[in-house]
Amino acid sequence: MIRYTLEVEGMQCGMCESHVNDAIRRAFHVKKVESSHGKNQTMILTEEPLDEAALRRTIDSTGYTVRAVKMEPYEKKGLFSSWKK
């Protein structure tokens with residue numbers, strides 16, 4: 001699993017967050033997407049790598065601006081994750 005953390009400028013409210021989340025869901029196959037206007041951040045979880053240029057275009061088309069994209073491996077941490085070793 002891969003986690004993308006995007007710095008998104010221009011979100012002012014919960015509707016802005018929904019607008020960004022819906023645009024991402026329509027354009028890409030993702031497991032989870034959450035946005036926070038307070039943190040100016042969108043977090044995406046996906047199985048496959050995303051095209052960063054397409055991701056930026058998708059968000060830019062909604063009227064918001066992507067300032068930074070960070071990609072990192074993600075491992076779900078559940079109640080029994082410490083027992084796996």
# chains A, B, ... in the order shown; residues from 1 in each chain; ligands from 1
call {"tool": "residues_around", "arguments": {"residues": "Leu45 of chain A", "least_positions_apart": "4", "cutoff": "7 Å", "atoms": "only C-alpha atoms", "output": "PyMOL selection string"}}
result
chain A and resi 1-4+30-33
call {"tool": "write_last_selection", "arguments": {"atoms": "N, CA and C atoms", "output": "short mmCIF file (atom, residue, chain, number, x, y, z; two decimals), in the first residue's frame"}}
result
data_model
loop_
_atom_site.label_atom_id
_atom_site.label_comp_id
_atom_site.auth_asym_id
_atom_site.auth_seq_id
_atom_site.Cartn_x
_atom_site.Cartn_y
_atom_site.Cartn_z
N MET A 1 0.85 -1.16 0.00
CA MET A 1 0.00 0.00 0.00
C MET A 1 0.91 1.24 0.00
N ILE A 2 0.44 2.29 -0.63
CA ILE A 2 1.20 3.53 -0.75
C ILE A 2 0.37 4.68 -0.19
N ARG A 3 1.02 5.56 0.57
CA ARG A 3 0.35 6.74 1.10
C ARG A 3 0.93 7.98 0.44
N TYR A 4 0.04 8.78 -0.12
CA TYR A 4 0.39 10.09 -0.67
C TYR A 4 -0.12 11.15 0.28
N VAL A 30 -8.65 4.52 -5.69
CA VAL A 30 -7.94 4.66 -4.41
C VAL A 30 -8.70 3.91 -3.33
N LYS A 31 -7.99 3.50 -2.29
CA LYS A 31 -8.60 2.83 -1.16
C LYS A 31 -9.26 3.83 -0.22
N LYS A 32 -8.58 4.98 -0.02
CA LYS A 32 -9.07 5.96 0.94
C LYS A 32 -8.53 7.33 0.56
N VAL A 33 -9.34 8.36 0.76
CA VAL A 33 -8.87 9.73 0.56
C VAL A 33 -9.52 10.60 1.63
#
call {"tool": "select_by_dssp", "arguments": {"residues": "segment 3-74 of chain A", "states": "alpha helix (DSSP H)", "output": "ChimeraX atom specification"}}
result
/A:14-27,52-60
call {"tool": "atom_distance", "arguments": {"atom1": "atom CA of Glu7 of chain A", "atom2": "atom CA of Asp51 of chain A"}}
result
16.2 Å
call {"tool": "residues_around", "arguments": {"residues": "Ser61 of chain A", "least_positions_apart": "3", "cutoff": "12 Å", "atoms": "only C-alpha atoms", "output": "ChimeraX atom specification"}}
result
/A:19-20,23-24,27,54-58,64-66
call {"tool": "closest_residue", "arguments": {"among": "A:Ala68, A:Arg25, A:Glu48, A:Ala53", "to": "Leu6 of chain A", "atoms": "only C-alpha atoms"}}
result
A:Ala68
call {"tool": "closest_residue", "arguments": {"among": "A:Ser35, A:Pro73, A:Gly14, A:Glu47", "to": "Ile59 of chain A", "atoms": "only C-alpha atoms"}}
result
A:Ser35
call {"tool": "select_by_dssp", "arguments": {"residues": "chain A", "states": "strand (DSSP E or B)", "output": "number ranges by chain"}}
result
A: 2-9, 32-36, 41-46, 65-73
call {"tool": "atom_distance", "arguments": {"atom1": "atom CA of Asn40 of chain A", "atom2": "atom CA of Lys76 of chain A"}}
result
23.5 Å
call {"tool": "atom_distance", "arguments": {"atom1": "atom CA of Met71 of chain A", "atom2": "atom CA of Thr42 of chain A"}}
result
12.0 Å
call {"tool": "residues_around", "arguments": {"residues": "Met15 of chain A", "least_positions_apart": "5", "cutoff": "12 Å", "atoms": "only C-alpha atoms", "output": "ChimeraX atom specification"}}
result
/A:10,20-22,35-37,62
call {"tool": "write_last_selection", "arguments": {"atoms": "N, CA, C and O atoms", "output": "PDB file, in the first residue's frame"}}
result
ATOM      1  N   GLY A  10      -5.859  26.462  -0.723  1.00  0.00           N
ATOM      2  CA  GLY A  10      -7.119  27.028  -1.187  1.00  0.00           C
ATOM      3  C   GLY A  10      -8.362  26.447  -0.536  1.00  0.00           C
ATOM      4  O   GLY A  10      -9.442  27.001  -0.678  1.00  0.00           O
ATOM      5  N   VAL A  20     -12.451  18.154  -3.371  1.00  0.00           N
ATOM      6  CA  VAL A  20     -11.152  17.557  -3.685  1.00  0.00           C
ATOM      7  C   VAL A  20     -11.238  16.031  -3.617  1.00  0.00           C
ATOM      8  O   VAL A  20     -10.792  15.332  -4.529  1.00  0.00           O
ATOM      9  N   ASN A  21     -11.837  15.505  -2.540  1.00  0.00           N
ATOM     10  CA  ASN A  21     -11.951  14.050  -2.374  1.00  0.00           C
ATOM     11  C   ASN A  21     -12.727  13.415  -3.524  1.00  0.00           C
ATOM     12  O   ASN A  21     -12.324  12.382  -4.060  1.00  0.00           O
ATOM     13  N   ASP A  22     -13.848  14.014  -3.901  1.00  0.00           N
ATOM     14  CA  ASP A  22     -14.666  13.469  -4.988  1.00  0.00           C
ATOM     15  C   ASP A  22     -13.913  13.482  -6.315  1.00  0.00           C
ATOM     16  O   ASP A  22     -13.996  12.527  -7.090  1.00  0.00           O
ATOM     17  N   SER A  35      -9.267  14.754   3.284  1.00  0.00           N
ATOM     18  CA  SER A  35      -8.688  16.097   3.190  1.00  0.00           C
ATOM     19  C   SER A  35      -8.973  16.869   4.466  1.00  0.00           C
ATOM     20  O   SER A  35      -9.972  16.618   5.144  1.00  0.00           O
ATOM     21  N   SER A  36      -8.099  17.817   4.778  1.00  0.00           N
ATOM     22  CA  SER A  36      -8.269  18.693   5.930  1.00  0.00           C
ATOM     23  C   SER A  36      -7.946  20.113   5.505  1.00  0.00           C
ATOM     24  O   SER A  36      -6.800  20.403   5.148  1.00  0.00           O
ATOM     25  N   HIS A  37      -8.961  20.988   5.548  1.00  0.00           N
ATOM     26  CA  HIS A  37      -8.695  22.380   5.186  1.00  0.00           C
ATOM     27  C   HIS A  37      -7.870  23.067   6.265  1.00  0.00           C
ATOM     28  O   HIS A  37      -7.117  23.984   5.988  1.00  0.00           O
ATOM     29  N   THR A  62     -10.042  21.565  -9.963  1.00  0.00           N
ATOM     30  CA  THR A  62     -11.091  21.890  -8.997  1.00  0.00           C
ATOM     31  C   THR A  62     -10.954  23.307  -8.457  1.00  0.00           C
ATOM     32  O   THR A  62     -11.812  23.775  -7.716  1.00  0.00           O
TER      33      THR A  62
END
